[in-house]
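Student: Below is the file upload16.txt, which contains compact mmCIF, C-alpha atoms.
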```txt
# COMPACT_ATOMS: atom_id res chain seq x y z
CA MET A 154 -0.14 21.87 15.59
CA ASN A 155 -3.62 22.37 17.07
CA ARG A 156 -5.12 22.01 13.60
CA LEU A 157 -3.33 18.72 13.13
CA LEU A 158 -4.50 17.44 16.50
CA ARG A 159 -8.12 18.09 15.53
CA LEU A 160 -7.75 15.35 12.91
CA TYR A 161 -7.59 12.72 15.68
CA PRO A 162 -10.70 11.16 17.20
CA ALA A 163 -11.83 13.16 20.23
CA GLY A 164 -11.11 10.45 22.78
CA PHE A 165 -7.63 9.74 21.45
CA ARG A 166 -6.88 13.46 21.25
CA GLN A 167 -7.90 13.94 24.86
CA ASP A 168 -5.74 11.06 26.09
CA PHE A 169 -2.64 11.51 23.94
CA GLY A 170 -2.88 14.98 22.39
CA GLU A 171 -0.27 16.55 24.64
CA GLU A 172 2.20 13.70 24.05
CA ILE A 173 1.80 13.97 20.28
CA ALA A 174 2.24 17.74 20.35
CA GLU A 175 5.37 17.44 22.51
CA ALA A 176 6.85 14.77 20.24
CA TYR A 177 6.14 16.96 17.21
CA ARG A 178 7.84 19.96 18.83
CA GLU A 179 10.90 17.93 19.74
CA ALA A 180 11.17 16.49 16.24
CA THR A 181 10.82 19.84 14.46
CA GLN A 182 12.59 22.24 16.82
CA GLY A 183 15.31 24.02 14.92
CA MET A 184 14.67 21.96 11.80
CA GLY A 185 13.92 23.12 8.28
CA ARG A 186 10.69 23.17 6.37
CA ARG A 187 11.29 19.74 4.87
CA VAL A 188 11.43 18.07 8.28
CA ARG A 189 8.35 19.94 9.48
CA LEU A 190 6.39 18.86 6.42
CA ARG A 191 7.49 15.26 6.88
CA GLU A 192 6.48 15.22 10.54
CA ALA A 193 3.16 16.89 9.73
CA ALA A 194 2.52 14.26 7.05
CA ASP A 195 3.22 11.53 9.61
CA VAL A 196 0.71 13.10 12.02
CA VAL A 197 -1.93 13.40 9.28
CA GLY A 198 -1.37 9.81 8.22
CA HIS A 199 -1.59 8.54 11.79
CA ALA A 200 -4.76 10.49 12.48
CA THR A 201 -6.36 9.31 9.23
CA ARG A 202 -5.59 5.67 9.99
CA LEU A 203 -7.13 6.01 13.44
CA ARG A 204 -10.22 7.69 11.98
CA LEU A 205 -10.62 4.82 9.53
CA GLY A 206 -9.92 2.14 12.13
CA PHE A 207 -6.53 1.20 10.68
CA GLY A 208 -4.50 1.65 13.85
CA SER A 209 -1.91 -0.96 14.76
CA ALA A 210 -3.98 -2.12 17.72
CA GLY A 211 -7.09 -2.83 15.64
CA PRO A 212 -7.94 -5.59 13.19
CA GLY A 213 -7.98 -3.17 10.27
CA GLY A 214 -4.40 -2.10 10.82
CA ARG A 215 -3.21 -5.68 11.23
CA PHE A 216 -5.08 -6.68 8.07
CA PHE A 217 -3.37 -4.02 5.96
CA ALA A 218 -0.03 -4.83 7.56
CA ALA A 219 -0.43 -8.43 6.39
CA VAL A 220 -1.59 -7.47 2.91
CA ALA A 221 0.88 -4.61 2.27
CA PRO A 222 3.91 -6.71 1.18
CA PHE A 223 1.74 -8.67 -1.26
CA ALA A 224 0.32 -5.47 -2.72
CA LEU A 225 3.88 -4.23 -3.21
CA ALA A 226 4.91 -7.54 -4.79
CA ALA A 227 1.90 -7.42 -7.13
CA THR A 228 2.71 -3.82 -8.06
CA ALA A 229 6.29 -4.79 -8.86
CA ALA A 230 5.23 -7.82 -10.91
CA TYR A 231 2.61 -5.88 -12.85
CA ALA A 232 5.03 -3.03 -13.56
CA ALA A 233 7.61 -5.54 -14.82
CA PHE A 234 4.93 -7.20 -16.97
CA ASP A 235 3.96 -3.84 -18.47
CA LEU A 236 7.60 -2.94 -19.05
CA VAL A 237 8.20 -6.13 -21.01
CA GLU A 238 5.01 -5.73 -23.01
CA THR A 239 5.38 -2.03 -23.81
CA ALA A 240 9.07 -2.51 -24.56
CA ALA A 241 8.09 -5.09 -27.17
CA ASN A 242 5.53 -2.71 -28.66
CA TRP A 243 7.89 0.25 -28.52
CA TYR A 244 9.92 -0.98 -31.47
CA ALA A 245 6.93 -1.14 -33.78
CA MET A 246 5.47 2.17 -32.68
CA GLY A 247 8.89 3.84 -32.67
CA ALA A 248 9.62 2.65 -36.17
CA ALA A 249 6.34 4.14 -37.30
CA GLY A 250 7.15 7.37 -35.49
CA HIS A 251 3.65 7.53 -34.02
CA GLY A 252 3.07 7.57 -30.28
CA ALA A 253 6.69 6.85 -29.36
CA PRO A 254 6.99 9.74 -26.84
CA LEU A 255 3.89 8.53 -25.00
CA VAL A 256 5.16 4.95 -24.94
CA THR A 257 8.48 6.18 -23.55
CA ALA A 258 6.65 8.15 -20.85
CA LEU A 259 4.52 5.10 -20.06
CA ASN A 260 7.61 2.93 -19.73
CA ALA A 261 9.13 5.51 -17.40
CA CYS A 262 6.03 5.30 -15.17
CA HIS A 263 6.19 1.51 -15.10
CA LEU A 264 9.89 1.72 -14.26
CA LEU A 265 9.15 4.11 -11.39
CA ALA A 266 6.46 1.76 -10.05
CA LEU A 267 8.81 -1.23 -10.25
CA VAL A 268 11.71 0.54 -8.56
CA GLY A 269 9.44 2.02 -5.89
CA ALA A 270 7.91 -1.34 -4.97
CA VAL A 271 11.33 -2.99 -4.79
CA VAL A 272 12.72 -0.16 -2.67
CA ALA A 273 9.74 -0.41 -0.29
CA LEU A 274 10.20 -4.17 0.10
CA ALA A 275 13.92 -3.63 0.59
CA GLY A 276 13.25 -1.52 3.67
CA ARG A 277 12.85 2.12 2.60
CA TYR A 278 9.10 1.89 2.94
CA PRO A 279 7.63 5.43 2.77
CA ALA A 280 9.72 6.62 -0.17
CA GLY A 281 9.28 3.35 -2.03
CA VAL A 282 5.50 3.23 -1.59
CA LEU A 283 5.09 6.83 -2.76
CA CYS A 284 7.25 6.17 -5.83
CA ALA A 285 5.30 3.02 -6.65
CA LEU A 286 2.01 4.90 -6.29
CA ALA A 287 3.26 7.78 -8.44
CA GLY A 288 4.39 5.35 -11.13
CA ALA A 289 1.10 3.45 -11.11
CA ALA A 290 -0.92 6.67 -11.25
CA GLY A 291 1.24 8.07 -14.04
CA GLY A 292 0.86 4.87 -16.04
CA SER A 293 -2.92 4.95 -15.66
CA LEU A 294 -3.00 8.57 -16.83
CA ALA A 295 -0.72 7.98 -19.82
CA ASP A 296 -2.22 4.71 -21.05
CA PRO A 297 -5.54 6.13 -22.40
CA LEU A 298 -3.57 8.62 -24.51
CA LEU A 299 -1.87 5.90 -26.55
CA PRO A 300 -3.10 5.46 -30.12
CA THR A 301 -3.68 1.75 -29.47
CA SER A 302 -5.82 2.25 -26.37
CA ALA A 303 -9.25 0.64 -26.33
CA ALA A 304 -12.45 2.61 -26.35
CA PRO A 305 -13.59 3.74 -22.89
CA GLY A 306 -15.64 1.20 -20.97
CA TRP A 307 -15.98 -0.31 -17.54
CA ASN A 308 -13.18 -2.78 -18.21
CA VAL A 309 -10.83 0.00 -19.27
CA VAL A 310 -11.72 2.04 -16.20
CA ALA A 311 -11.06 -0.99 -14.00
CA LEU A 312 -7.76 -1.69 -15.78
CA LEU A 313 -6.61 1.87 -15.06
CA ALA A 314 -7.98 2.17 -11.51
CA VAL A 315 -7.08 -1.20 -9.98
CA PRO A 316 -3.27 -0.84 -10.29
CA VAL A 317 -3.48 2.53 -8.55
CA LEU A 318 -5.63 1.11 -5.75
CA VAL A 319 -3.25 -1.81 -5.28
CA ALA A 320 -0.25 0.54 -5.17
CA ALA A 321 -2.04 2.79 -2.66
CA LEU A 322 -3.02 -0.05 -0.34
CA PRO A 323 0.37 -0.16 1.50
CA LEU A 324 -0.25 3.42 2.66
CA CYS A 325 -2.85 1.99 5.05
CA CYS A 326 -0.24 -0.10 6.86
CA PRO A 327 0.57 1.30 10.33
CA PRO A 328 4.21 2.43 10.61
CA ASP A 329 5.01 0.08 13.51
CA LEU A 330 3.72 -2.93 11.53
CA ARG A 331 5.50 -2.27 8.25
CA PRO A 332 7.30 -5.20 6.60
CA ALA A 333 10.83 -5.74 7.84
CA GLY A 334 13.49 -4.53 5.44
CA ARG A 335 15.21 -7.20 3.40
CA VAL A 336 18.55 -5.41 3.13
CA ARG A 337 20.51 -2.78 5.03
CA GLY A 338 22.02 0.35 3.62
CA VAL A 339 21.97 2.06 0.26
CA PRO A 340 24.29 -0.46 -1.49
CA GLY A 341 21.96 -3.35 -0.69
CA THR A 342 18.91 -1.44 -1.90
CA PHE A 343 20.73 -0.43 -5.08
CA ALA A 344 21.73 -4.05 -5.69
CA LEU A 345 18.10 -5.18 -5.39
CA VAL A 346 16.97 -2.50 -7.85
CA VAL A 347 19.63 -3.59 -10.34
CA TRP A 348 18.56 -7.22 -9.82
CA ALA A 349 14.93 -6.30 -10.58
CA LEU A 350 15.91 -4.43 -13.75
CA LEU A 351 18.09 -7.31 -14.90
CA LEU A 352 15.17 -9.68 -14.39
CA VAL A 353 13.04 -7.52 -16.70
CA VAL A 354 15.82 -7.61 -19.30
CA VAL A 355 16.16 -11.38 -19.01
CA VAL A 356 12.40 -11.93 -19.37
CA THR A 357 12.38 -9.66 -22.42
CA VAL A 358 15.35 -11.08 -24.31
CA THR A 359 14.45 -14.72 -23.62
CA ASP A 360 11.02 -14.30 -25.18
CA PRO A 361 11.51 -12.55 -28.53
CA LEU A 362 8.43 -14.21 -30.04
CA GLY A 363 6.04 -13.01 -27.36
CA ALA A 364 5.12 -16.46 -26.06
CA GLY A 365 5.07 -14.95 -22.56
CA ARG A 366 1.68 -13.46 -23.37
CA LEU A 367 0.25 -16.99 -23.34
CA LEU A 368 2.59 -18.79 -20.94
CA PRO A 369 3.13 -17.87 -17.26
CA TRP A 370 6.35 -16.02 -17.98
CA TRP A 371 5.92 -12.29 -18.49
CA PHE A 372 3.90 -11.96 -15.28
CA GLY A 373 4.74 -15.22 -13.54
CA ALA A 374 8.52 -14.83 -13.37
CA PRO A 375 8.41 -11.29 -11.89
CA ALA A 376 5.63 -12.35 -9.50
CA VAL A 377 7.66 -15.25 -8.11
CA ALA A 378 10.71 -13.00 -7.75
CA ALA A 379 8.69 -10.28 -6.00
CA LEU A 380 7.11 -12.77 -3.60
CA GLY A 381 10.57 -14.11 -2.83
CA LEU A 382 11.66 -10.58 -2.03
CA ALA A 383 8.66 -10.18 0.31
CA GLY A 384 10.02 -13.16 2.22
CA ARG A 385 8.71 -15.77 4.57
CA SER A 386 7.74 -13.17 7.18
CA ALA A 387 5.03 -11.88 4.82
CA PHE A 388 3.46 -15.32 4.41
CA VAL A 389 3.48 -15.99 8.15
CA ARG A 390 1.03 -13.14 8.71
CA VAL A 391 -1.51 -14.56 6.24
CA HIS A 392 -3.32 -16.90 8.60
CA THR A 393 -6.98 -15.86 8.23
CA PRO A 394 -9.32 -16.16 5.23
CA ALA A 395 -9.70 -12.36 5.03
CA ARG A 396 -5.95 -11.81 4.91
CA LEU A 397 -5.56 -14.58 2.36
CA LEU A 398 -8.17 -12.94 0.13
CA GLY A 399 -6.53 -9.54 0.51
CA ALA A 400 -3.09 -10.92 -0.27
CA ALA A 401 -4.19 -12.96 -3.30
CA ALA A 402 -6.70 -10.53 -4.85
CA PRO A 403 -4.09 -8.32 -6.59
CA PHE A 404 -2.45 -11.38 -8.17
CA ILE A 405 -5.80 -12.38 -9.67
CA ALA A 406 -7.27 -8.97 -10.55
CA LEU A 407 -4.22 -7.46 -12.25
CA PRO A 408 -3.47 -10.39 -14.60
CA TYR A 409 -7.15 -10.76 -15.45
CA LEU A 410 -7.68 -7.09 -16.26
CA SER A 411 -4.48 -6.99 -18.32
CA GLY A 412 -5.59 -9.97 -20.40
CA TRP A 413 -2.94 -12.37 -19.13
CA PHE A 414 -5.60 -14.32 -17.21
CA GLN A 415 -8.64 -15.57 -19.07
CA ALA A 416 -12.00 -15.88 -17.32
CA GLN A 417 -11.50 -19.59 -16.70
CA ASP A 418 -8.05 -18.96 -15.22
CA ALA A 419 -9.51 -16.44 -12.81
CA LEU A 420 -12.29 -18.85 -11.82
CA VAL A 421 -9.80 -21.65 -11.18
CA SER A 422 -7.69 -19.30 -9.07
CA LEU A 423 -10.73 -18.19 -7.08
CA GLY A 424 -11.73 -21.82 -6.54
CA ALA A 425 -8.28 -22.73 -5.25
CA LEU A 426 -8.34 -19.63 -3.06
CA ALA A 427 -11.70 -20.67 -1.59
CA VAL A 428 -10.35 -24.13 -0.75
CA VAL A 429 -7.32 -22.68 1.03
CA ALA A 430 -9.52 -20.16 2.85
CA VAL A 431 -11.75 -22.97 4.15
CA ALA A 432 -8.66 -24.89 5.26
CA LEU A 433 -7.41 -21.82 7.12
CA ARG A 434 -10.80 -21.40 8.74
CA LEU A 435 -10.87 -25.01 9.88
CA ARG A 436 -7.30 -24.76 11.16
CA ARG A 437 -8.15 -21.71 13.24
CA GLY A 438 -11.26 -23.50 14.48
CA THR A 439 -9.09 -26.20 15.99
CA GLY A 440 -7.45 -23.59 18.20
CA THR A 441 -4.05 -23.61 16.50
CA ALA A 442 -2.20 -20.50 17.56
CA ALA A 443 -1.15 -17.98 14.90
CA PRO A 444 0.90 -14.84 15.09
CA ALA A 445 -0.76 -11.45 14.83
```
Can you give me the file's structure in the form of structure tokens?

Tutor:
Amino acid sequence: MNRLLRLYPAGFRQDFGEEIAEAYREATQGMGRRVRLREAADVVGHATRLRLGFGSAGPGGRFFAAVAPFALAATAAYAAFDLVETAANWYAMGAAGHGAPLVTALNACHLLALVGAVVALAGRYPAGVLCALAGAAGGSLADPLLPTSAAPGWNVVALLAVPVLVAALPLCCPPDLRPAGRVRGVPGTFALVVWALLLVVVVTVTDPLGAGRLLPWWFGAPAVAALGLAGRSAFVRVHTPARLLGAAAPFIALPYLSGWFQAQDALVSLGALAVVAVALRLRRGTGTAAPA
């Protein structure tokens, strides 16, 4: 435990080190290795957030708490978009017998990212975030191996790295500021997962000609559904320009890098975002109270 305590800033360790050590001993006494590893991971995460200034009492922690549900919603929408697109391509590649195993593995990664993000928004936050991150990372590793992948370049690197960064962002949210769960119990979580999968099926079968590549359907429909799952409580926290930018950035970057947004679409979105940010700034300047 002493090694774990050294991860904390010196001042915090001096003030609260004994309390943390006692809480760790109480939580792990008589427990198995799995519990000890989980508690140690919690301590490491807490210490890392404090080192980086992401504690719940600081502005960094509150910023990531406000942005986390939107990052999860963007991860879910992007995974659903990729599932629909790669499912459409799977038939052609499968019929040719070339690259089908890789496409299947890629679809499995997108499915894991989608389910993980939905589970996290439903209320099982740590497990869901880790699953979403694993799915996003697996998809980024598998995508360059496809026969149809583009030649390496900065845009390809960005396309592979940004989804992973977006999926990892919720890890910075302090535990006591995590989004409130939308459902209770395993049956409710399972129902939401089934609902998300059915949405992907509906988007796929209602667009056999691929018009969703051009119209706001393949990404737009899952994005609206994911934001609805995040709920009103997520939007209430977005009351500063910085939080607005952090919440909206994934919904601009991911569609643009994937080719669903053109350059002019991204510019229009950034312009609208700037207008709303100025309005928020002016509203706060008038002294209107806002929740933390």

Student: Can you tell me how far CA of Val431 (chain A) sits from CA of Pro394 (chain A), in Å to one decimal?

Tutor: 7.3 Å

Student: I want to know what sits within 6 Å of Ala266 (chain A), based on all atoms listed in the file, with residues of the same chain fewer than 3 positions away left out; could you give that as a list in words?

Tutor: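 Contacts, in chain order: His263, Gly269, Ala285, Gly288 and Ala289 of chain A.
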
Student: With region 342-352 of chain A as the partner and 12 Å as the cut-off, tabulate the residues of region 263-288 of chain A that qualify, each row holding the nearest pair of atoms and their distance in Å to one decimal, using all atoms listed in the file, sorted by chain and rising number, as CSV.

Tutor:
```
residue,atom,partner,partner_atom,distance
A:His263,CA,A:Leu350,CA,11.5
A:Leu264,CA,A:Leu350,CA,8.6
A:Leu265,CA,A:Val346,CA,10.8
A:Ala266,CA,A:Val346,CA,11.6
A:Leu267,CA,A:Ala349,CA,8.0
A:Val268,CA,A:Val346,CA,6.1
A:Gly269,CA,A:Val346,CA,9.0
A:Ala270,CA,A:Val346,CA,9.6
A:Val271,CA,A:Val346,CA,6.4
A:Val272,CA,A:Thr342,CA,6.4
A:Ala273,CA,A:Thr342,CA,9.4
A:Leu274,CA,A:Thr342,CA,9.3
A:Ala275,CA,A:Thr342,CA,6.0
A:Gly276,CA,A:Thr342,CA,7.9
A:Arg277,CA,A:Thr342,CA,8.3
A:Tyr278,CA,A:Thr342,CA,11.4
A:Gly281,CA,A:Thr342,CA,10.8
```

Student: What is the CA of Leu397 (chain A) to CA of Arg202 (chain A) distance in Å?

Tutor: 21.6 Å

Student: Kindly give the distance, in Å, that separates CA of Gly381 (chain A) and CA of Leu435 (chain A), rounded to a single decimal.

Tutor: 27.2 Å

Student: Extract, using all atoms listed in the file, all DNA, RNA and protein residues at most 12 Å from Arg390 (chain A), discarding same-chain residues fewer than 5 positions from it, and format them as a list of chain:residue names.

Tutor: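 After dropping sequence-adjacent residues, the list is A:Arg215, A:Phe216, A:Phe217, A:Ala218, A:Ala219, A:Val220, A:Ala221, A:Pro222, A:Phe223, A:Leu330, A:Arg331, A:Pro332, A:Ala383, A:Gly384, A:Arg385, A:Ala395, A:Arg396, A:Leu397, A:Gly399, A:Ala400, A:Ala442, A:Ala443, A:Pro444, A:Ala445.
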
Student: In file coordinates, which residues lie within 10 Å of (-1.7, 0.9, -1.4) using all atoms listed in the file, given as a list in words?

Tutor: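 Residues found, by chain and rising number: Phe217, Val220, Ala221, Pro222, Ala224, Leu225, Thr228, Val282, Leu283, Ala285, Leu286, Pro316, Val317, Leu318, Val319, Ala320, Ala321, Leu322, Pro323, Leu324, Cys325 and Cys326 of chain A.
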
Student: Please put the answer as JSON: centre and edge lengths, in Å with one decimal, of a box along x, y and z that encloses all listed atoms of region 289-294 of chain A plus 3 Å on each side.

Tutor:
```
{"center_x": -0.9, "center_y": 6.0, "center_z": -14.0, "size_x": 10.2, "size_y": 11.1, "size_z": 11.7}
```

Student: Taking (-5.1, 10.6, 13.2) in the coordinates of the supplied file, I want to know which residues reach to within 12 Å of it, counting only C-alpha atoms; could you give the answer as a ChimeraX atom specification?

Tutor: /A:156-166,169-170,173,193-208,327

Student: Mind dumping the selected residues with C-alpha atoms as an mmCIF file, in the frame of the given file?

Tutor:
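So the final result, stored in result22.cif, reads:
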```
data_model
loop_
_atom_site.group_PDB
_atom_site.id
_atom_site.type_symbol
_atom_site.label_atom_id
_atom_site.label_comp_id
_atom_site.auth_asym_id
_atom_site.auth_seq_id
_atom_site.Cartn_x
_atom_site.Cartn_y
_atom_site.Cartn_z
ATOM 1 C CA ARG A 156 -5.120 22.010 13.600
ATOM 2 C CA LEU A 157 -3.330 18.720 13.130
ATOM 3 C CA LEU A 158 -4.500 17.440 16.500
ATOM 4 C CA ARG A 159 -8.120 18.090 15.530
ATOM 5 C CA LEU A 160 -7.750 15.350 12.910
ATOM 6 C CA TYR A 161 -7.590 12.720 15.680
ATOM 7 C CA PRO A 162 -10.700 11.160 17.200
ATOM 8 C CA ALA A 163 -11.830 13.160 20.230
ATOM 9 C CA GLY A 164 -11.110 10.450 22.780
ATOM 10 C CA PHE A 165 -7.630 9.740 21.450
ATOM 11 C CA ARG A 166 -6.880 13.460 21.250
ATOM 12 C CA PHE A 169 -2.640 11.510 23.940
ATOM 13 C CA GLY A 170 -2.880 14.980 22.390
ATOM 14 C CA ILE A 173 1.800 13.970 20.280
ATOM 15 C CA ALA A 193 3.160 16.890 9.730
ATOM 16 C CA ALA A 194 2.520 14.260 7.050
ATOM 17 C CA ASP A 195 3.220 11.530 9.610
ATOM 18 C CA VAL A 196 0.710 13.100 12.020
ATOM 19 C CA VAL A 197 -1.930 13.400 9.280
ATOM 20 C CA GLY A 198 -1.370 9.810 8.220
ATOM 21 C CA HIS A 199 -1.590 8.540 11.790
ATOM 22 C CA ALA A 200 -4.760 10.490 12.480
ATOM 23 C CA THR A 201 -6.360 9.310 9.230
ATOM 24 C CA ARG A 202 -5.590 5.670 9.990
ATOM 25 C CA LEU A 203 -7.130 6.010 13.440
ATOM 26 C CA ARG A 204 -10.220 7.690 11.980
ATOM 27 C CA LEU A 205 -10.620 4.820 9.530
ATOM 28 C CA GLY A 206 -9.920 2.140 12.130
ATOM 29 C CA PHE A 207 -6.530 1.200 10.680
ATOM 30 C CA GLY A 208 -4.500 1.650 13.850
ATOM 31 C CA PRO A 327 0.570 1.300 10.330
#
```

Student: Fewer than 2 positions away in the same chain doesn't count, so skip those; otherwise give me all residues within 12 Å of Ala419 (chain A), counting only C-alpha atoms, as a list in words.

Tutor: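 Residues meeting the cut-off are Ala401, Ala402, Pro403, Phe404, Ile405, Ala406, Leu407, Pro408, Tyr409, Leu410, Gly412, Trp413, Phe414, Gln415, Ala416, Gln417, Val421, Ser422, Leu423, Gly424, Ala425 and Leu426 of chain A.
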